[in-house]
>>> print(open('structure_39.cif').read())   # mmCIF, C-alpha atoms
data_coords
loop_
_atom_site.label_atom_id
_atom_site.label_comp_id
_atom_site.auth_asym_id
_atom_site.auth_seq_id
_atom_site.Cartn_x
_atom_site.Cartn_y
_atom_site.Cartn_z
CA MET A 1 -5.81 -51.59 71.46
CA SER A 2 -8.29 -52.73 68.82
CA MET A 3 -7.25 -53.41 65.22
CA GLN A 4 -9.07 -50.29 64.08
CA SER A 5 -7.27 -48.15 66.66
CA ARG A 6 -3.94 -49.67 65.68
CA ILE A 7 -4.51 -48.98 61.97
CA TYR A 8 -5.70 -45.47 62.83
CA GLU A 9 -2.56 -44.77 64.83
CA ILE A 10 -0.28 -46.10 62.07
CA LEU A 11 -2.05 -44.08 59.39
CA ARG A 12 -2.08 -40.96 61.57
CA ARG A 13 1.70 -41.19 61.96
CA VAL A 14 2.20 -41.90 58.27
CA HIS A 15 0.00 -38.89 57.42
CA LEU A 16 1.82 -36.70 59.95
CA TYR A 17 5.41 -37.69 59.19
CA ALA A 18 4.91 -37.73 55.43
CA GLY A 19 3.47 -34.24 55.80
CA LEU A 20 6.32 -32.96 57.95
CA SER A 21 8.99 -34.57 55.75
CA LEU A 22 7.63 -33.20 52.50
CA LEU A 23 6.18 -29.95 53.83
CA VAL A 24 8.65 -27.68 52.05
CA PHE A 25 8.32 -29.48 48.72
CA VAL A 26 4.54 -29.67 48.84
CA VAL A 27 4.28 -25.97 49.71
CA MET A 28 6.77 -25.18 46.93
CA TYR A 29 4.68 -27.06 44.38
CA PHE A 30 1.43 -25.38 45.36
CA VAL A 31 2.96 -21.91 45.48
CA THR A 32 4.76 -22.29 42.14
CA GLY A 33 1.66 -23.95 40.69
CA TYR A 34 -0.38 -20.93 41.72
CA VAL A 35 2.07 -18.62 39.97
CA LEU A 36 1.94 -20.86 36.88
CA ILE A 37 -1.83 -20.78 36.50
CA HIS A 38 -2.29 -17.12 37.42
CA THR A 39 -0.72 -15.30 34.50
CA ASP A 40 -3.02 -12.38 35.32
CA LEU A 41 -1.53 -11.89 38.79
CA PHE A 42 2.01 -12.88 37.86
CA PRO A 43 2.64 -11.76 34.27
CA GLY A 44 6.03 -12.75 32.99
CA GLY A 45 8.27 -11.25 30.40
CA GLU A 46 10.06 -12.79 27.46
CA PRO A 47 13.37 -14.45 28.30
CA ALA A 48 16.59 -12.66 27.46
CA VAL A 49 18.19 -14.53 24.56
CA THR A 50 21.84 -14.48 23.56
CA GLN A 51 23.30 -16.31 20.59
CA ARG A 52 26.88 -16.72 19.57
CA GLN A 53 29.13 -18.87 17.43
CA GLU A 54 32.16 -20.50 18.98
CA THR A 55 34.93 -22.85 17.91
CA LEU A 56 36.33 -25.56 20.14
CA GLU A 57 40.09 -26.13 20.44
CA ALA A 58 39.60 -29.88 19.97
CA PRO A 59 36.74 -31.94 18.52
CA LEU A 60 33.96 -32.69 20.96
CA PRO A 61 34.00 -36.28 22.26
CA ALA A 62 31.60 -38.63 20.50
CA GLU A 63 30.25 -40.07 23.75
CA GLY A 64 27.26 -38.10 25.03
CA GLU A 65 28.14 -37.63 28.70
CA ALA A 66 31.75 -36.71 27.93
CA ALA A 67 30.54 -34.24 25.31
CA PHE A 68 28.14 -32.65 27.80
CA SER A 69 30.90 -32.29 30.36
CA ALA A 70 33.24 -30.75 27.81
CA LEU A 71 30.63 -28.18 26.76
CA ALA A 72 29.72 -27.41 30.37
CA GLU A 73 33.34 -26.80 31.29
CA ARG A 74 34.20 -24.79 28.16
CA PHE A 75 31.18 -22.47 28.20
CA GLY A 76 30.06 -22.60 31.85
CA LEU A 77 26.75 -24.23 30.95
CA ARG A 78 24.54 -25.49 33.77
CA GLY A 79 21.31 -27.44 33.93
CA LYS A 80 19.70 -30.80 33.42
CA ARG A 81 21.38 -32.51 30.48
CA VAL A 82 18.91 -33.46 27.77
CA GLY A 83 19.96 -35.30 24.63
CA PRO A 84 22.00 -35.16 22.54
CA ARG A 85 19.57 -34.92 19.66
CA GLU A 86 20.86 -35.91 16.24
CA GLU A 87 20.04 -33.54 13.42
CA SER A 88 20.69 -33.37 9.71
CA GLU A 89 24.22 -33.16 8.31
CA GLY A 90 25.71 -34.82 11.39
CA ARG A 91 24.89 -32.00 13.79
CA ARG A 92 24.19 -32.75 17.43
CA VAL A 93 22.12 -30.62 19.78
CA PHE A 94 22.94 -30.61 23.51
CA VAL A 95 20.37 -29.03 25.80
CA PHE A 96 21.09 -27.79 29.33
CA GLN A 97 17.66 -27.25 30.85
CA GLY A 98 17.92 -25.13 33.96
CA VAL A 99 15.25 -23.66 36.16
CA GLY A 100 14.07 -20.55 34.33
CA ARG A 101 16.95 -20.78 31.89
CA LYS A 102 18.05 -22.95 29.00
CA ALA A 103 21.14 -23.34 26.90
CA GLU A 104 21.24 -25.13 23.57
CA ALA A 105 24.57 -26.00 21.96
CA THR A 106 24.43 -27.17 18.37
CA VAL A 107 27.69 -28.82 17.41
CA GLY A 108 28.65 -29.29 13.78
CA ALA A 109 29.65 -32.61 12.23
CA ASP A 110 33.32 -31.64 12.61
CA GLY A 111 32.84 -31.49 16.38
CA LEU A 112 34.46 -28.04 16.47
CA ALA A 113 31.88 -25.46 15.41
CA VAL A 114 29.39 -24.65 18.15
CA SER A 115 26.29 -22.49 17.87
CA LEU A 116 25.17 -21.44 21.33
CA ARG A 117 21.71 -20.15 22.21
CA GLU A 118 21.08 -19.16 25.81
CA GLU A 119 17.81 -18.06 27.38
CA GLU A 120 17.56 -16.44 30.81
CA GLY A 121 14.07 -15.99 32.24
CA ASP A 122 12.74 -13.91 35.10
CA ALA A 123 11.60 -14.96 38.59
CA ARG A 124 8.28 -16.23 37.25
CA ALA A 125 10.13 -18.40 34.75
CA GLY A 126 12.27 -19.70 37.59
CA MET A 127 9.24 -20.65 39.67
CA ILE A 128 7.60 -22.36 36.72
CA GLY A 129 10.88 -24.13 36.05
CA LEU A 130 10.90 -25.50 39.60
CA HIS A 131 7.32 -26.69 39.23
CA ARG A 132 7.89 -28.41 35.89
CA LEU A 133 11.24 -30.01 36.63
CA HIS A 134 10.75 -33.76 36.45
CA GLY A 135 12.12 -36.94 34.91
CA TYR A 136 15.07 -39.11 35.84
CA GLY A 137 18.55 -38.60 34.40
CA GLY A 138 20.42 -35.53 33.27
CA GLY A 139 22.76 -35.55 36.26
CA TRP A 140 22.76 -37.08 39.73
CA PHE A 141 21.23 -33.98 41.24
CA TYR A 142 18.27 -34.12 38.90
CA THR A 143 17.82 -37.80 39.65
CA LEU A 144 17.66 -36.89 43.35
CA TRP A 145 15.07 -34.22 42.52
CA ALA A 146 13.04 -36.82 40.59
CA VAL A 147 13.08 -39.13 43.63
CA VAL A 148 11.74 -36.37 45.90
CA TYR A 149 9.21 -35.47 43.18
CA ASP A 150 7.97 -39.09 43.23
CA LEU A 151 7.75 -39.03 47.03
CA ALA A 152 5.69 -35.83 46.92
CA SER A 153 3.40 -37.38 44.31
CA VAL A 154 2.85 -40.51 46.38
CA ALA A 155 2.32 -38.30 49.44
CA MET A 156 -0.69 -36.67 47.75
CA ILE A 157 -2.27 -40.10 47.38
CA VAL A 158 -1.34 -41.07 50.93
CA PHE A 159 -2.74 -37.82 52.38
CA ALA A 160 -6.06 -38.35 50.63
CA LEU A 161 -6.55 -42.01 51.48
CA SER A 162 -5.24 -41.90 55.04
CA GLY A 163 -7.20 -38.72 55.65
CA ILE A 164 -10.44 -40.37 54.55
CA TYR A 165 -9.80 -43.33 56.84
CA MET A 166 -8.96 -41.12 59.81
CA TRP A 167 -12.09 -39.02 59.31
CA TYR A 168 -14.21 -42.15 59.35
CA VAL A 169 -12.67 -43.47 62.57
CA LEU A 170 -12.39 -40.13 64.33
CA LYS A 171 -15.90 -38.86 63.79
CA ARG A 172 -18.93 -40.52 65.33
CA LYS A 173 -21.32 -38.78 62.98
CA HIS A 174 -20.48 -39.20 59.32
CA ALA A 175 -23.28 -37.42 57.50
CA LEU A 176 -21.40 -34.20 56.80
CA GLY A 177 -18.28 -36.10 55.75
CA TRP A 178 -20.23 -38.27 53.34
CA VAL A 179 -21.80 -35.18 51.77
CA VAL A 180 -18.38 -33.56 51.33
CA LEU A 181 -16.84 -36.76 49.96
CA ALA A 182 -19.74 -37.24 47.57
CA ALA A 183 -19.31 -33.68 46.34
CA SER A 184 -15.59 -34.19 45.80
CA PHE A 185 -15.65 -37.57 44.10
CA GLY A 186 -18.97 -36.95 42.42
CA TYR A 187 -17.73 -33.78 40.75
CA SER A 188 -14.35 -35.22 39.73
CA GLY A 189 -16.00 -38.40 38.48
CA ALA A 190 -18.54 -36.42 36.49
CA VAL A 191 -15.85 -34.30 34.84
CA ILE A 192 -13.67 -37.30 33.98
CA GLY A 193 -16.67 -39.27 32.77
CA TYR A 194 -17.88 -36.41 30.60
CA LEU A 195 -14.47 -35.89 29.02
CA LEU A 196 -14.20 -39.60 28.25
CA ALA A 197 -17.70 -40.02 26.90
CA ALA A 198 -18.66 -36.73 25.26
CA LYS A 199 -18.33 -36.20 21.53
CA MET B 1 -9.52 -23.21 68.51
CA ARG B 2 -7.76 -26.56 68.05
CA LYS B 3 -11.04 -28.36 67.47
CA TRP B 4 -12.07 -25.78 64.87
CA LEU B 5 -8.77 -26.07 63.05
CA LEU B 6 -8.93 -29.86 63.15
CA ASN B 7 -12.40 -29.81 61.61
CA LEU B 8 -11.35 -27.34 58.92
CA HIS B 9 -8.25 -29.46 58.16
CA LEU B 10 -10.36 -32.62 58.09
CA TYR B 11 -13.33 -31.46 56.02
CA GLY B 12 -11.17 -29.28 53.76
CA GLY B 13 -9.08 -32.37 53.14
CA LEU B 14 -12.16 -34.45 52.34
CA LEU B 15 -13.34 -31.77 49.90
CA CYS B 16 -10.11 -31.84 47.91
CA SER B 17 -9.36 -35.54 48.41
CA SER B 18 -10.33 -36.56 44.88
CA TYR B 19 -8.20 -33.75 43.44
CA LEU B 20 -5.25 -34.86 45.59
CA LEU B 21 -5.56 -38.33 44.08
CA ILE B 22 -5.58 -36.74 40.62
CA TYR B 23 -2.53 -34.64 41.52
CA GLY B 24 -0.70 -37.66 42.86
CA PHE B 25 -1.34 -39.99 39.92
CA SER B 26 -0.87 -37.31 37.27
CA SER B 27 2.46 -36.22 38.80
CA LEU B 28 3.64 -39.82 38.78
CA LEU B 29 2.67 -39.98 35.11
CA PHE B 30 4.71 -36.83 34.37
CA ASN B 31 7.73 -38.40 36.00
CA HIS B 32 7.12 -41.85 34.49
CA PRO B 33 5.43 -41.30 31.14
CA ILE B 34 3.51 -44.30 29.84
CA ASP B 35 2.89 -43.19 26.29
CA LYS B 36 0.29 -45.61 25.06
CA GLY B 37 -0.71 -43.26 22.27
CA ALA B 38 -4.35 -43.40 21.24
CA ASP B 39 -6.83 -45.42 23.24
CA GLY B 40 -8.14 -47.52 20.38
CA PRO B 41 -8.26 -46.93 16.64
CA ALA B 42 -9.30 -43.60 15.19
CA VAL B 43 -12.90 -43.31 14.09
CA THR B 44 -13.60 -41.41 10.89
CA TRP B 45 -16.90 -39.71 10.20
CA GLU B 46 -18.25 -37.01 7.93
CA GLN B 47 -20.73 -34.22 8.35
CA ALA B 48 -22.44 -32.13 5.72
CA MET B 49 -21.54 -28.47 6.01
CA GLU B 50 -21.90 -25.34 3.95
CA HIS B 51 -19.01 -22.90 3.80
CA PRO B 52 -19.32 -20.53 6.79
CA ARG B 53 -18.20 -17.63 4.57
CA VAL B 54 -15.18 -16.75 6.63
CA TYR B 55 -11.80 -16.93 4.98
CA ARG B 56 -9.12 -16.23 7.54
CA LYS B 57 -7.73 -19.70 8.25
CA GLN B 58 -7.91 -19.63 12.06
CA GLU B 59 -11.38 -18.14 12.03
CA LEU B 60 -12.55 -20.73 9.49
CA ALA B 61 -11.13 -23.57 11.58
CA GLU B 62 -12.93 -22.32 14.68
CA ARG B 63 -16.22 -21.87 12.83
CA VAL B 64 -16.00 -25.39 11.44
CA ARG B 65 -15.27 -26.69 14.93
CA ASP B 66 -18.32 -24.83 16.24
CA GLU B 67 -20.54 -26.11 13.42
CA LEU B 68 -19.42 -29.67 14.20
CA GLY B 69 -20.55 -29.19 17.79
CA LEU B 70 -17.10 -29.91 19.16
CA PHE B 71 -15.38 -28.35 22.13
CA GLY B 72 -11.63 -27.92 22.33
CA TRP B 73 -8.72 -25.84 21.17
CA ALA B 74 -7.74 -25.43 17.51
CA PRO B 75 -4.06 -24.49 17.82
CA PRO B 76 -2.74 -22.35 14.95
CA TRP B 77 0.48 -24.36 14.76
CA ASP B 78 -1.52 -27.45 13.75
CA LEU B 79 -3.40 -25.68 10.98
CA ARG B 80 -2.47 -26.33 7.34
CA ALA B 81 -3.95 -24.78 4.24
CA GLN B 82 -4.88 -27.24 1.53
CA ALA B 83 -5.58 -26.78 -2.14
CA GLY B 84 -8.74 -24.90 -3.07
CA GLY B 85 -8.98 -22.97 0.20
CA GLU B 86 -9.57 -26.11 2.25
CA LEU B 87 -8.02 -26.71 5.64
CA ARG B 88 -6.49 -29.50 7.64
CA PHE B 89 -6.44 -28.73 11.36
CA VAL B 90 -6.60 -30.31 14.78
CA VAL B 91 -9.06 -29.78 17.62
CA SER B 92 -7.90 -31.15 20.93
CA ARG B 93 -9.23 -31.30 24.46
CA PRO B 94 -8.75 -33.71 27.38
CA GLY B 95 -10.02 -37.10 26.23
CA ARG B 96 -10.24 -36.49 22.49
CA GLN B 97 -8.21 -35.37 19.52
CA TYR B 98 -9.87 -34.59 16.19
CA GLU B 99 -8.07 -34.26 12.89
CA ILE B 100 -10.34 -32.31 10.59
CA HIS B 101 -10.17 -32.04 6.81
CA THR B 102 -12.56 -29.56 5.29
CA LYS B 103 -14.09 -30.44 1.92
CA LEU B 104 -16.38 -27.45 1.83
CA ARG B 105 -16.43 -27.30 -1.97
CA GLU B 106 -18.11 -30.72 -1.76
CA GLY B 107 -20.30 -29.52 1.10
CA LYS B 108 -18.80 -31.67 3.82
CA VAL B 109 -16.15 -32.03 6.51
CA GLN B 110 -14.23 -35.20 7.33
CA VAL B 111 -13.25 -35.88 10.94
CA SER B 112 -10.82 -38.47 12.30
CA GLU B 113 -11.54 -38.82 16.00
CA THR B 114 -9.10 -40.36 18.48
CA ARG B 115 -9.75 -41.12 22.13
CA THR B 116 -6.74 -40.33 24.29
CA GLY B 117 -7.81 -42.45 27.27
CA PHE B 118 -8.37 -42.24 31.00
CA TRP B 119 -4.81 -41.48 32.09
CA SER B 120 -4.50 -38.75 29.50
CA VAL B 121 -7.60 -37.12 30.99
CA VAL B 122 -6.17 -37.44 34.52
CA ARG B 123 -2.93 -35.81 33.36
CA SER B 124 -4.83 -33.00 31.66
CA LEU B 125 -6.82 -32.20 34.79
CA HIS B 126 -3.60 -31.59 36.79
CA GLY B 127 -3.92 -27.91 37.68
CA MET B 128 -6.13 -27.25 34.67
CA TYR B 129 -7.15 -23.61 34.84
CA ALA B 130 -7.96 -22.92 31.22
CA THR B 131 -11.44 -22.46 29.77
CA ILE B 132 -12.00 -24.93 26.95
CA PRO B 133 -13.68 -23.21 23.97
CA ASN B 134 -17.32 -24.39 23.72
CA GLY B 135 -16.76 -26.47 26.84
CA PRO B 136 -19.73 -27.12 29.12
CA TRP B 137 -19.91 -25.46 32.52
CA LEU B 138 -19.29 -28.83 34.20
CA VAL B 139 -15.81 -29.00 32.67
CA ASN B 140 -14.95 -25.32 32.61
CA SER B 141 -15.76 -24.97 36.31
CA TRP B 142 -12.77 -27.22 37.05
CA LYS B 143 -10.67 -24.05 37.33
CA TYR B 144 -12.58 -23.11 40.51
CA TYR B 145 -11.92 -26.54 42.01
CA THR B 146 -8.23 -26.03 41.16
CA GLU B 147 -8.25 -22.68 42.96
CA VAL B 148 -10.09 -23.99 46.03
CA THR B 149 -7.85 -27.06 46.30
CA ASN B 150 -4.74 -24.90 46.06
CA TRP B 151 -5.81 -22.80 49.03
CA ILE B 152 -7.06 -25.78 51.04
CA VAL B 153 -3.75 -27.60 50.68
CA LEU B 154 -1.73 -24.56 51.77
CA PHE B 155 -4.12 -24.05 54.69
CA ALA B 156 -3.94 -27.75 55.56
CA ALA B 157 -0.15 -27.60 55.55
CA GLY B 158 -0.26 -24.81 58.13
CA THR B 159 -2.97 -26.34 60.29
CA GLY B 160 -1.27 -29.71 60.06
CA VAL B 161 1.89 -28.26 61.60
CA TYR B 162 -0.19 -26.56 64.31
CA LEU B 163 -2.11 -29.74 65.11
CA TRP B 164 1.13 -31.68 65.36
CA THR B 165 2.51 -29.27 67.97
CA ALA B 166 -0.47 -30.03 70.22
CA ARG B 167 0.95 -33.51 70.93
CA LYS B 168 3.85 -33.08 73.35
CA SER B 169 5.05 -36.65 72.87
CA GLU B 170 5.66 -36.09 69.15
CA ARG B 171 7.12 -32.58 69.22
CA ALA B 172 10.74 -33.67 69.55
CA ILE B 173 10.78 -36.32 66.85
CA GLY B 174 8.56 -34.26 64.57
CA GLY B 175 10.66 -31.18 65.13
CA GLY B 176 13.85 -33.04 64.31
CA LEU B 177 12.32 -34.56 61.19
CA LEU B 178 10.91 -31.22 60.04
CA GLY B 179 14.19 -29.43 60.69
CA VAL B 180 16.32 -31.89 58.77
CA THR B 181 13.97 -32.37 55.84
CA ALA B 182 13.21 -28.66 55.55
CA ALA B 183 16.92 -27.86 55.44
CA VAL B 184 17.59 -30.55 52.83
CA SER B 185 14.57 -29.53 50.76
CA LEU B 186 15.42 -25.83 50.81
CA GLY B 187 19.01 -26.64 49.96
CA LEU B 188 17.90 -28.78 47.04
CA ILE B 189 15.53 -26.10 45.74
CA LEU B 190 18.07 -23.30 46.05
CA TYR B 191 20.84 -25.36 44.49
CA VAL B 192 18.71 -26.32 41.48
CA TRP B 193 17.45 -22.76 41.00
CA LEU B 194 20.69 -20.88 41.49
CA TRP B 195 23.44 -23.28 40.44
CA GLY B 196 21.79 -26.28 38.76
#
>>> encode(input="structure_39.cif", output="structure tokens")
Amino acid sequence: MSMQSRIYEILRRVHLYAGLSLLVFVVMYFVTGYVLIHTDLFPGGEPAVTQRQETLEAPLPAEGEAAFSALAERFGLRGKRVGPREESEGRRVFVFQGVGRKAEATVGADGLAVSLREEEGDARAGMIGLHRLHGYGGGWFYTLWAVVYDLASVAMIVFALSGIYMWYVLKRKHALGWVVLAASFGYSGAVIGYLLAAK
Amino acid sequence: MRKWLLNLHLYGGLLCSSYLLIYGFSSLLFNHPIDKGADGPAVTWEQAMEHPRVYRKQELAERVRDELGLFGWAPPWDLRAQAGGELRFVVSRPGRQYEIHTKLREGKVQVSETRTGFWSVVRSLHGMYATIPNGPWLVNSWKYYTEVTNWIVLFAAGTGVYLWTARKSERAIGGGLLGVTAAVSLGLILYVWLWG
């Protein structure tokens, strides 16, 4: 087997198995992305918002993760943990960012008074939430999601580059492929170049 | 049939290959932000301008933007009234951000222009479907490339699975891999959506 054939076979398997492994995630991203950009076809509504004031039985722990866990257990809050954010007068804001929902707990300086604001979106909000969920941290599950997100991102690059190589090896006549590639990279390059250079 | 589908998968893939690279790198940037801020120092310049004779703040900002020959959005949340009916507002688009101070009583407008850099442009092009006000057709046609790429990728996912099944020697291992990863992926998605 020649070197070219060997490389082709390796890249074909990488292309295939990366595609099979990440099929569900890739399809999820392109379906939810379609919903995101097509507000005309998939109009969403405003999220349902509830606000309430609560008082804790004991002051919230100072340490961030312990505080998050205490709030989650006390009020049944779920989602990626973001923060806490320090605000004026010693208040701390803990955000639980879910998919299509969000809860924000603002805890007073005394660690007892809690102002809760919860938003619950519709199915469109949920799909957009899935699409936009990224970043490490906020819970082990969200870290796992971020790892798969990274794999899907790298897969896009792998699909493109391995696909170009396989086309070149597979096809004896390259004219049509070169025209298509030139259209793709030429257009993208022109748009990027214009945005960088234009006033 | 198989040959047709292979060609469609192949040439469709070539057509959206540059966009796939943009998707891949921009997604990595979302997950691993490298906030370099501005790409170089801001450049300040002035342009003579008569008052456009519109007085609603948003309308005035957009007219000034148009008179300056700029393209981009002028978000209302970045618009501040200044003394004497003047305005301070921002015009932004992929690749540039302009902070504009009107001095129309003096017959001029002052612009502070910042380049946001290559990676910022790549990030902005990720799924960009919006029409940029005053944008040229070259840039505003990106939405069609976004639409076409979306459909090609979904089609390629389906044809890719079909083309895989044509190779008997890889059906078992591929089937096992697909089964396991699909179950894990669906479980992850459902867990995050319903319980996360």
>>> residues_near_point(input="structure_39.cif", point="(-15.0, -39.4, 5.5)", cutoff="9 Å", atoms="only C-alpha atoms", output="compact mmCIF listing (two decimals) with C-alpha atoms, in the frame of the given file")
# COMPACT_ATOMS: atom_id res chain seq x y z
CA THR B 44 -13.60 -41.41 10.89
CA TRP B 45 -16.90 -39.71 10.20
CA GLU B 46 -18.25 -37.01 7.93
CA GLN B 47 -20.73 -34.22 8.35
CA HIS B 101 -10.17 -32.04 6.81
CA LYS B 108 -18.80 -31.67 3.82
CA VAL B 109 -16.15 -32.03 6.51
CA GLN B 110 -14.23 -35.20 7.33
CA VAL B 111 -13.25 -35.88 10.94
CA SER B 112 -10.82 -38.47 12.30
>>> residues_around(input="structure_39.cif", residues="B:His126", least_positions_apart="4", cutoff="8 Å", atoms="all atoms listed in the file", output="NGL selection string")
:B and (22-23 or 26-27 or 122)
>>> write_last_selection(input="structure_39.cif", atoms="C-alpha atoms", output="tab-separated table (two decimals), keeping the file's coordinate frame")
chain	number	residue	atom	x	y	z
B	22	ILE	CA	-5.58	-36.74	40.62
B	23	TYR	CA	-2.53	-34.64	41.52
B	26	SER	CA	-0.87	-37.31	37.27
B	27	SER	CA	2.46	-36.22	38.80
B	122	VAL	CA	-6.17	-37.44	34.52
>>> atom_distance(input="structure_39.cif", atom1="atom CA of B:Met49", atom2="atom CA of B:Val139")
27.3 Å
>>> closest_atom_pairs(input="structure_39.cif", of="chain B", to="chain A", cutoff="7 Å", atoms="all atoms listed in the file", output="Markdown table")
| residue | atom | partner | partner_atom | distance |
| --- | --- | --- | --- | --- |
| B:Leu10 | CA | A:Trp167 | CA | 6.7 |
| B:Tyr11 | CA | A:Gly177 | CA | 6.8 |
| B:Leu14 | CA | A:Leu181 | CA | 5.7 |
| B:Leu15 | CA | A:Ser184 | CA | 5.3 |
| B:Cys16 | CA | A:Ser184 | CA | 6.3 |
| B:Ser17 | CA | A:Ala160 | CA | 4.9 |
| B:Ser18 | CA | A:Phe185 | CA | 5.5 |
| B:Leu20 | CA | A:Met156 | CA | 5.4 |
| B:Leu21 | CA | A:Ile157 | CA | 5.0 |
| B:Tyr23 | CA | A:Met156 | CA | 6.8 |
| B:Gly24 | CA | A:Ser153 | CA | 4.4 |
| B:Phe25 | CA | A:Ser153 | CA | 7.0 |
| B:Ser27 | CA | A:Ser153 | CA | 5.7 |
| B:Leu28 | CA | A:Ser153 | CA | 6.0 |
| B:Asn31 | CA | A:Gly135 | CA | 4.8 |
| B:Leu70 | CA | A:Lys199 | CA | 6.8 |
| B:Pro94 | CA | A:Leu195 | CA | 6.3 |
| B:Gly95 | CA | A:Leu196 | CA | 5.3 |
| B:Phe118 | CA | A:Leu196 | CA | 7.0 |
| B:Val121 | CA | A:Ile192 | CA | 6.8 |
| B:Tyr129 | CA | A:Ile37 | CA | 6.3 |
| B:Leu138 | CA | A:Val191 | CA | 6.5 |
| B:Val139 | CA | A:Val191 | CA | 5.7 |
| B:Asn150 | CA | A:Phe30 | CA | 6.2 |
| B:Leu154 | CA | A:Val27 | CA | 6.5 |
| B:Ala157 | CA | A:Leu23 | CA | 7.0 |
| B:Leu177 | CA | A:Ser21 | CA | 6.4 |
| B:Leu178 | CA | A:Leu20 | CA | 5.3 |
| B:Thr181 | CA | A:Ser21 | CA | 5.4 |
| B:Ala182 | CA | A:Val24 | CA | 5.8 |
| B:Ser185 | CA | A:Val24 | CA | 6.3 |
| B:Val192 | CA | A:Val99 | CA | 6.9 |
| B:Trp193 | CA | A:Val99 | CA | 5.4 |
| B:Gly196 | CA | A:Gly79 | CA | 5.0 |
>>> atom_distance(input="structure_39.cif", atom1="atom CA of A:Ala62", atom2="atom CA of B:His32")
28.4 Å
>>> residues_around(input="structure_39.cif", residues="B:Ser92", least_positions_apart="4", cutoff="10 Å", atoms="all atoms listed in the file", output="list in words")
Leu70, Phe71, Gly72, Trp73, Ala74, Pro75, Arg96, Gln97, Tyr98, Glu99, Glu113, Thr114, Thr116 and Ile132 of chain B
